[in-house]
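The structure appears below as C-alpha cells.
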Amino acid sequence: MAISIRQVHPTFVGEVSGVDITKPLTRDEVDAIEAGMHEYSVLVFHDQPLTDEQQVEFTRNFGELEVTLAGQLAKPEERRFQQLELGDISNLDAGEKLRARDDSRRMYALANRLWHSDASFRAVGAGYTLLHARVIPSKGGNTEFADMRAAYEALSPAEKAEVDGLVCEHSIVFSREQIGLEVKSDQHSDKLKPVPHKLVLTDEVNGRKSLYLSSHIGSIIGWPVPEARAFIRDLAEHATQRQFVYAHEWRVGDMVMWDNRTVMHRARAFRDLKEKRDLRRTSLKGVGLEMAPALRAAE
C-alpha cells in the first residue's frame, strides 16, 4: 500500500496513511514523506506505537538529530531517560511521579505555551520536530500550529518589503523572561547567548517564503529594542490569526512531524494537574537555518 496524504486544513497539514513508521522505511517512503513536508509543513501519523529507539531511528531518515538543551543542562539523575536526542515533553520526574505545581522543570516548560519555533535560539535552529504521544490527559493539552508561509503570503507588498532582509536575535533567556523565569548557567553560558536569524526564509525546493517567528526573538538588528519588540508582537498577532492555525487533538500513538522553518507551534494547557501527559520529542538540525551569514562573517 502506497503512502497517501490527505490535507486537513485549508492551507497546510497532511494526515498520512499507508505506512508503518515502527518499521524501517524504503527510500520511496522517505522521499514521499519529505515531499509531504515541503507541501504541507505538518504531517500527522495516527496509530504508531513507537518505542524510544524506533522514534530515534525513524527521525534519522531525515537528517542529523539534535541533542536537547534541557537534557544538556539537567544532571543525569534528573533525566527520565539518558538518550540526549530524546526530549522529555511530560509532567513527570525521573521517578515517573507527577511534578509538583511549582517544580522548576515544570516552570521552565510553561514557556512552550508561547508561540515559538524549536531551537531558534541556537546558531543552527531545528529543522523538523517529531512529537510522539505516549500518555495524554482526558481533556486539553492540544498542540497548535500556525502556517508561516500563508501568513507571509497574506502580507501586503509594502509589508513584505519591510520584513524581507531583517535579521532578528533569538534567545531562550528572552522567551523564559516573558513568563517570569530567569535562565542562568555559568557552565553553559555559551549556549544562552542571542543568535541572529533572518526573519524571512525561502524553501529551496518550492521557492515559497515564510516568516521565521518565535517567542525567542528579543531584538531586530539595527532597531531600537522597544520598537523591535512591538513590531514582532504585531507580526506574530498577524501570523497566528485563526485562519492560519491548526489545533491537533492528541490520541495515544500519534506522531506529529513539523518543519520549524515554516510553522510556529505552542502547547495548550490541560486543567487536571493530577493527570499524566507524556510525549517524546526528537528534532533535526535545520539545514538553511545557520546564523545570518553577514553577521557571522563580521564576528
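We name chains A, B, ... following the order of the C-alpha cells; residues begin at 1 in each chain, and ligands are numbered from 1 as shown.
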**Prompt:** Out of range 44-292 of chain A, which residues get alpha helix (DSSP H) from DSSP, as an MDAnalysis selection string?
**Reply:** chainID A and resid 52:60 69:73 104:109 148:153 157:163 172:177 225:239
Could you write out that same residue set with C-alpha atoms as a PDB file, in the first residue's frame?
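Result file selection03.pdb:
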ATOM      1  CA  ASP A  52      12.054   5.389  22.027  1.00  0.00           C
ATOM      2  CA  GLU A  53      14.544   3.570  19.777  1.00  0.00           C
ATOM      3  CA  GLN A  54      12.066   3.353  16.892  1.00  0.00           C
ATOM      4  CA  GLN A  55      11.314   7.071  17.151  1.00  0.00           C
ATOM      5  CA  VAL A  56      15.016   7.918  17.002  1.00  0.00           C
ATOM      6  CA  GLU A  57      15.560   5.581  14.035  1.00  0.00           C
ATOM      7  CA  PHE A  58      12.562   6.986  12.151  1.00  0.00           C
ATOM      8  CA  THR A  59      13.893  10.511  12.707  1.00  0.00           C
ATOM      9  CA  ARG A  60      17.349   9.578  11.365  1.00  0.00           C
ATOM     10  CA  LEU A  69      19.293  21.835  25.539  1.00  0.00           C
ATOM     11  CA  ALA A  70      17.232  20.791  28.558  1.00  0.00           C
ATOM     12  CA  GLY A  71      18.995  17.427  28.520  1.00  0.00           C
ATOM     13  CA  GLN A  72      22.398  19.100  28.433  1.00  0.00           C
ATOM     14  CA  LEU A  73      21.558  21.421  31.318  1.00  0.00           C
ATOM     15  CA  SER A 104      11.388  24.161  38.362  1.00  0.00           C
ATOM     16  CA  ARG A 105      11.277  21.871  35.296  1.00  0.00           C
ATOM     17  CA  ARG A 106       7.528  22.393  35.038  1.00  0.00           C
ATOM     18  CA  MET A 107       8.019  26.161  35.287  1.00  0.00           C
ATOM     19  CA  TYR A 108      10.627  26.037  32.512  1.00  0.00           C
ATOM     20  CA  ALA A 109       8.305  24.052  30.242  1.00  0.00           C
ATOM     21  CA  MET A 148       4.093  30.892   8.463  1.00  0.00           C
ATOM     22  CA  ARG A 149       4.002  30.569   4.672  1.00  0.00           C
ATOM     23  CA  ALA A 150       0.337  31.539   4.467  1.00  0.00           C
ATOM     24  CA  ALA A 151       0.983  34.332   6.974  1.00  0.00           C
ATOM     25  CA  TYR A 152       3.802  35.730   4.814  1.00  0.00           C
ATOM     26  CA  GLU A 153       1.740  35.459   1.647  1.00  0.00           C
ATOM     27  CA  PRO A 157       3.564  44.182  -0.833  1.00  0.00           C
ATOM     28  CA  ALA A 158       4.750  47.022   1.421  1.00  0.00           C
ATOM     29  CA  GLU A 159       4.780  44.744   4.466  1.00  0.00           C
ATOM     30  CA  LYS A 160       6.717  42.075   2.584  1.00  0.00           C
ATOM     31  CA  ALA A 161       9.280  44.676   1.552  1.00  0.00           C
ATOM     32  CA  GLU A 162       9.630  45.722   5.197  1.00  0.00           C
ATOM     33  CA  VAL A 163      10.251  42.229   6.588  1.00  0.00           C
ATOM     34  CA  ILE A 172      15.987  31.287  25.245  1.00  0.00           C
ATOM     35  CA  VAL A 173      16.710  33.716  28.071  1.00  0.00           C
ATOM     36  CA  PHE A 174      14.285  36.216  26.499  1.00  0.00           C
ATOM     37  CA  SER A 175      11.469  33.703  25.942  1.00  0.00           C
ATOM     38  CA  ARG A 176      11.665  32.468  29.549  1.00  0.00           C
ATOM     39  CA  GLU A 177      11.711  36.038  30.859  1.00  0.00           C
ATOM     40  CA  VAL A 225      14.645  47.264  21.237  1.00  0.00           C
ATOM     41  CA  PRO A 226      11.196  48.666  22.158  1.00  0.00           C
ATOM     42  CA  GLU A 227      10.336  49.265  18.504  1.00  0.00           C
ATOM     43  CA  ALA A 228      11.603  45.802  17.530  1.00  0.00           C
ATOM     44  CA  ARG A 229       9.584  44.035  20.201  1.00  0.00           C
ATOM     45  CA  ALA A 230       6.402  45.942  19.327  1.00  0.00           C
ATOM     46  CA  PHE A 231       6.932  45.123  15.643  1.00  0.00           C
ATOM     47  CA  ILE A 232       7.498  41.412  16.291  1.00  0.00           C
ATOM     48  CA  ARG A 233       4.440  41.273  18.550  1.00  0.00           C
ATOM     49  CA  ASP A 234       2.268  42.811  15.832  1.00  0.00           C
ATOM     50  CA  LEU A 235       3.692  40.431  13.233  1.00  0.00           C
ATOM     51  CA  ALA A 236       3.090  37.417  15.483  1.00  0.00           C
ATOM     52  CA  GLU A 237      -0.516  38.516  16.054  1.00  0.00           C
ATOM     53  CA  HIS A 238      -0.996  38.638  12.295  1.00  0.00           C
ATOM     54  CA  ALA A 239       0.663  35.243  11.796  1.00  0.00           C
TER      55      ALA A 239
END
Secondary structure check, strand (DSSP E) residues of range 36-276 of chain A, as an mmCIF file with N, CA and C atoms, in the first residue's frame:
data_model
loop_
_atom_site.group_PDB
_atom_site.id
_atom_site.type_symbol
_atom_site.label_atom_id
_atom_site.label_comp_id
_atom_site.auth_asym_id
_atom_site.auth_seq_id
_atom_site.Cartn_x
_atom_site.Cartn_y
_atom_site.Cartn_z
ATOM 1 N N VAL A 42 3.255 20.255 8.087
ATOM 2 C CA VAL A 42 2.918 19.434 9.249
ATOM 3 C C VAL A 42 2.302 18.132 8.749
ATOM 4 N N LEU A 43 2.818 16.987 9.237
ATOM 5 C CA LEU A 43 2.258 15.682 8.895
ATOM 6 C C LEU A 43 1.839 14.961 10.171
ATOM 7 N N VAL A 44 0.681 14.312 10.110
ATOM 8 C CA VAL A 44 0.134 13.572 11.246
ATOM 9 C C VAL A 44 0.081 12.088 10.883
ATOM 10 N N PHE A 45 0.689 11.265 11.738
ATOM 11 C CA PHE A 45 0.657 9.810 11.584
ATOM 12 C C PHE A 45 -0.114 9.239 12.783
ATOM 13 N N GLY A 87 13.761 14.247 23.653
ATOM 14 C CA GLY A 87 13.256 15.287 24.538
ATOM 15 C C GLY A 87 12.091 14.782 25.384
ATOM 16 N N ASP A 88 12.109 15.136 26.640
ATOM 17 C CA ASP A 88 11.073 14.728 27.585
ATOM 18 C C ASP A 88 9.998 15.812 27.654
ATOM 19 N N ILE A 89 8.875 15.566 26.993
ATOM 20 C CA ILE A 89 7.778 16.535 26.996
ATOM 21 C C ILE A 89 6.679 15.937 27.873
ATOM 22 N N SER A 90 6.887 16.021 29.175
ATOM 23 C CA SER A 90 5.958 15.393 30.108
ATOM 24 C C SER A 90 5.868 16.216 31.387
ATOM 25 N N ALA A 126 16.325 24.274 14.745
ATOM 26 C CA ALA A 126 15.783 22.965 14.397
ATOM 27 C C ALA A 126 15.114 23.000 13.029
ATOM 28 N N GLY A 127 15.250 21.904 12.289
ATOM 29 C CA GLY A 127 14.509 21.722 11.051
ATOM 30 C C GLY A 127 13.182 21.063 11.379
ATOM 31 N N TYR A 128 13.130 19.737 11.233
ATOM 32 C CA TYR A 128 11.918 19.018 11.598
ATOM 33 C C TYR A 128 11.918 18.710 13.092
ATOM 34 N N THR A 129 10.731 18.787 13.702
ATOM 35 C CA THR A 129 10.499 18.247 15.038
ATOM 36 C C THR A 129 9.472 17.135 14.917
ATOM 37 N N LEU A 130 9.677 16.073 15.695
ATOM 38 C CA LEU A 130 8.755 14.940 15.695
ATOM 39 C C LEU A 130 8.326 14.686 17.134
ATOM 40 N N LEU A 131 7.024 14.684 17.372
ATOM 41 C CA LEU A 131 6.481 14.539 18.719
ATOM 42 C C LEU A 131 5.523 13.349 18.737
ATOM 43 N N HIS A 132 5.785 12.431 19.672
ATOM 44 C CA HIS A 132 5.006 11.186 19.740
ATOM 45 C C HIS A 132 4.286 11.098 21.075
ATOM 46 N N ALA A 133 2.991 10.768 21.032
ATOM 47 C CA ALA A 133 2.149 10.738 22.222
ATOM 48 C C ALA A 133 2.139 9.347 22.852
ATOM 49 N N ARG A 134 2.552 9.279 24.124
ATOM 50 C CA ARG A 134 2.542 8.019 24.874
ATOM 51 C C ARG A 134 1.384 7.988 25.864
ATOM 52 N N VAL A 135 1.201 9.083 26.621
ATOM 53 C CA VAL A 135 0.095 9.209 27.578
ATOM 54 C C VAL A 135 -0.473 10.612 27.417
ATOM 55 N N THR A 143 -1.872 20.655 20.829
ATOM 56 C CA THR A 143 -0.772 21.448 20.279
ATOM 57 C C THR A 143 -1.295 22.191 19.064
ATOM 58 N N GLU A 144 -1.039 23.494 19.012
ATOM 59 C CA GLU A 144 -1.491 24.318 17.890
ATOM 60 C C GLU A 144 -0.318 24.668 16.991
ATOM 61 N N PHE A 145 -0.603 24.731 15.688
ATOM 62 C CA PHE A 145 0.398 25.061 14.680
ATOM 63 C C PHE A 145 -0.098 26.232 13.840
ATOM 64 N N ALA A 146 0.813 27.152 13.502
ATOM 65 C CA ALA A 146 0.466 28.314 12.691
ATOM 66 C C ALA A 146 1.302 28.311 11.416
ATOM 67 N N ASP A 147 0.646 28.499 10.289
ATOM 68 C CA ASP A 147 1.257 28.401 8.968
ATOM 69 C C ASP A 147 1.974 29.706 8.626
ATOM 70 N N VAL A 167 16.984 40.929 10.196
ATOM 71 C CA VAL A 167 17.639 39.869 10.962
ATOM 72 C C VAL A 167 17.278 40.058 12.429
ATOM 73 N N CYS A 168 16.759 38.994 13.043
ATOM 74 C CA CYS A 168 16.341 39.044 14.444
ATOM 75 C C CYS A 168 17.305 38.270 15.321
ATOM 76 N N GLU A 169 17.374 38.673 16.595
ATOM 77 C CA GLU A 169 18.177 37.931 17.569
ATOM 78 C C GLU A 169 17.253 37.080 18.436
ATOM 79 N N HIS A 170 17.607 35.792 18.545
ATOM 80 C CA HIS A 170 16.810 34.816 19.290
ATOM 81 C C HIS A 170 17.571 34.396 20.535
ATOM 82 N N VAL A 195 21.371 34.664 19.228
ATOM 83 C CA VAL A 195 21.905 34.344 17.897
ATOM 84 C C VAL A 195 21.024 35.004 16.838
ATOM 85 N N PRO A 196 21.625 35.454 15.720
ATOM 86 C CA PRO A 196 20.853 36.138 14.679
ATOM 87 C C PRO A 196 20.343 35.178 13.603
ATOM 88 N N HIS A 197 19.080 35.369 13.207
ATOM 89 C CA HIS A 197 18.489 34.610 12.105
ATOM 90 C C HIS A 197 17.661 35.551 11.244
ATOM 91 N N LYS A 198 17.599 35.265 9.957
ATOM 92 C CA LYS A 198 16.765 36.043 9.056
ATOM 93 C C LYS A 198 15.297 35.885 9.422
ATOM 94 N N VAL A 200 12.809 36.252 7.236
ATOM 95 C CA VAL A 200 12.110 35.614 6.125
ATOM 96 C C VAL A 200 13.011 34.530 5.536
ATOM 97 N N LEU A 201 12.479 33.322 5.439
ATOM 98 C CA LEU A 201 13.207 32.191 4.879
ATOM 99 C C LEU A 201 12.546 31.767 3.572
ATOM 100 N N THR A 202 13.331 31.102 2.716
ATOM 101 C CA THR A 202 12.816 30.604 1.438
ATOM 102 C C THR A 202 13.069 29.114 1.333
ATOM 103 N N LYS A 209 8.170 31.472 0.428
ATOM 104 C CA LYS A 209 8.756 32.193 1.549
ATOM 105 C C LYS A 209 7.901 32.015 2.795
ATOM 106 N N SER A 210 8.555 32.108 3.955
ATOM 107 C CA SER A 210 7.844 32.001 5.229
ATOM 108 C C SER A 210 8.460 32.942 6.246
ATOM 109 N N LEU A 211 7.667 33.326 7.220
ATOM 110 C CA LEU A 211 8.170 34.102 8.350
ATOM 111 C C LEU A 211 8.846 33.152 9.334
ATOM 112 N N ILE A 217 12.514 35.593 19.998
ATOM 113 C CA ILE A 217 13.020 36.835 19.400
ATOM 114 C C ILE A 217 12.929 37.970 20.409
ATOM 115 N N GLY A 218 14.096 38.595 20.690
ATOM 116 C CA GLY A 218 14.137 39.705 21.629
ATOM 117 C C GLY A 218 14.568 41.017 21.008
ATOM 118 N N SER A 219 15.069 40.977 19.754
ATOM 119 C CA SER A 219 15.520 42.214 19.119
ATOM 120 C C SER A 219 15.637 42.008 17.615
ATOM 121 N N ILE A 220 15.708 43.123 16.892
ATOM 122 C CA ILE A 220 15.983 43.146 15.452
ATOM 123 C C ILE A 220 17.266 43.937 15.265
ATOM 124 N N VAL A 245 -4.227 28.746 11.671
ATOM 125 C CA VAL A 245 -3.912 27.861 12.801
ATOM 126 C C VAL A 245 -4.657 26.527 12.704
ATOM 127 N N TYR A 246 -3.937 25.447 12.995
ATOM 128 C CA TYR A 246 -4.495 24.097 13.129
ATOM 129 C C TYR A 246 -4.241 23.623 14.547
ATOM 130 N N ALA A 247 -5.277 23.103 15.218
ATOM 131 C CA ALA A 247 -5.151 22.573 16.573
ATOM 132 C C ALA A 247 -5.186 21.052 16.509
ATOM 133 N N HIS A 248 -4.110 20.420 16.970
ATOM 134 C CA HIS A 248 -4.068 18.953 16.960
ATOM 135 C C HIS A 248 -4.546 18.412 18.295
ATOM 136 N N MET A 255 1.977 10.406 15.973
ATOM 137 C CA MET A 255 3.243 11.061 15.695
ATOM 138 C C MET A 255 2.928 12.283 14.839
ATOM 139 N N VAL A 256 3.344 13.451 15.299
ATOM 140 C CA VAL A 256 3.181 14.675 14.515
ATOM 141 C C VAL A 256 4.578 15.209 14.189
ATOM 142 N N MET A 257 4.781 15.513 12.935
ATOM 143 C CA MET A 257 6.081 15.930 12.407
ATOM 144 C C MET A 257 5.887 17.290 11.744
ATOM 145 N N TRP A 258 6.706 18.270 12.114
ATOM 146 C CA TRP A 258 6.537 19.590 11.515
ATOM 147 C C TRP A 258 7.884 20.232 11.210
ATOM 148 N N ASP A 259 7.825 21.248 10.352
ATOM 149 C CA ASP A 259 9.019 21.965 9.910
ATOM 150 C C ASP A 259 9.049 23.318 10.610
ATOM 151 N N VAL A 263 6.499 26.715 10.167
ATOM 152 C CA VAL A 263 5.382 26.831 11.110
ATOM 153 C C VAL A 263 5.894 27.249 12.484
ATOM 154 N N MET A 264 5.037 27.914 13.244
ATOM 155 C CA MET A 264 5.225 28.061 14.688
ATOM 156 C C MET A 264 4.254 27.100 15.363
ATOM 157 N N HIS A 265 4.507 26.836 16.643
ATOM 158 C CA HIS A 265 3.592 25.992 17.392
ATOM 159 C C HIS A 265 3.573 26.423 18.850
ATOM 160 N N ARG A 266 2.584 25.925 19.575
ATOM 161 C CA ARG A 266 2.516 26.149 21.019
ATOM 162 C C ARG A 266 1.701 25.030 21.667
ATOM 163 N N ALA A 267 2.036 24.721 22.908
ATOM 164 C CA ALA A 267 1.261 23.764 23.697
ATOM 165 C C ALA A 267 0.089 24.493 24.333
#
**Asked** Using only C-alpha atoms, which of A:Pro194, A:Thr68, A:Asn61, A:Pro10 sits nearest Leu25 in chain A?
**Response** A:Asn61
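Among the candidate residues A:Glu249, A:Glu77, A:Asp254, A:Asp20, the one lying nearest to Arg281 in chain A is A:Asp254, with distances computed using only C-alpha atoms.
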**Message:** With distances taken over only C-alpha atoms, which residue among A:Ser171, A:Gln241, A:Ser41, A:Asn112 lies nearest Gln7 in chain A?
**Reply:** A:Ser41
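Between CA of Gln178 in chain A and CA of Ile221 in chain A there is a distance of 20.2 Å.
In this structure, CA of Ser214 in chain A sits 27.8 Å away from CA of Arg6 in chain A.
Candidate residues A:Ser215, A:Thr11, A:Ser4, A:Gln82 were compared for distance to Val67 in chain A, and the nearest is A:Gln82, using only C-alpha atoms.
A straight line drawn from CA of Gly125 in chain A to CA of Thr51 in chain A is 25.7 Å long.
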Skip Ala94 in chain A itself and residues of its chain fewer than 2 positions away, then list as a short mmCIF file (atom, residue, chain, number, x, y, z; two decimals) with N, CA and C atoms, in the first residue's frame all residues within 7 Å of it, counting only C-alpha atoms.
data_model
loop_
_atom_site.label_atom_id
_atom_site.label_comp_id
_atom_site.auth_asym_id
_atom_site.auth_seq_id
_atom_site.Cartn_x
_atom_site.Cartn_y
_atom_site.Cartn_z
N GLU A 78 18.55 13.67 37.07
CA GLU A 78 17.29 14.40 36.91
C GLU A 78 16.54 14.00 35.64
N ARG A 79 17.19 13.22 34.76
CA ARG A 79 16.58 12.86 33.49
C ARG A 79 15.78 11.57 33.61
N ARG A 80 14.65 11.51 32.90
CA ARG A 80 13.86 10.28 32.86
C ARG A 80 14.52 9.24 31.97
N LEU A 92 6.30 14.54 34.29
CA LEU A 92 6.81 13.50 35.17
C LEU A 92 8.27 13.75 35.53
N GLU A 96 9.17 8.90 37.64
CA GLU A 96 7.86 8.68 36.99
C GLU A 96 6.69 9.18 37.84
#
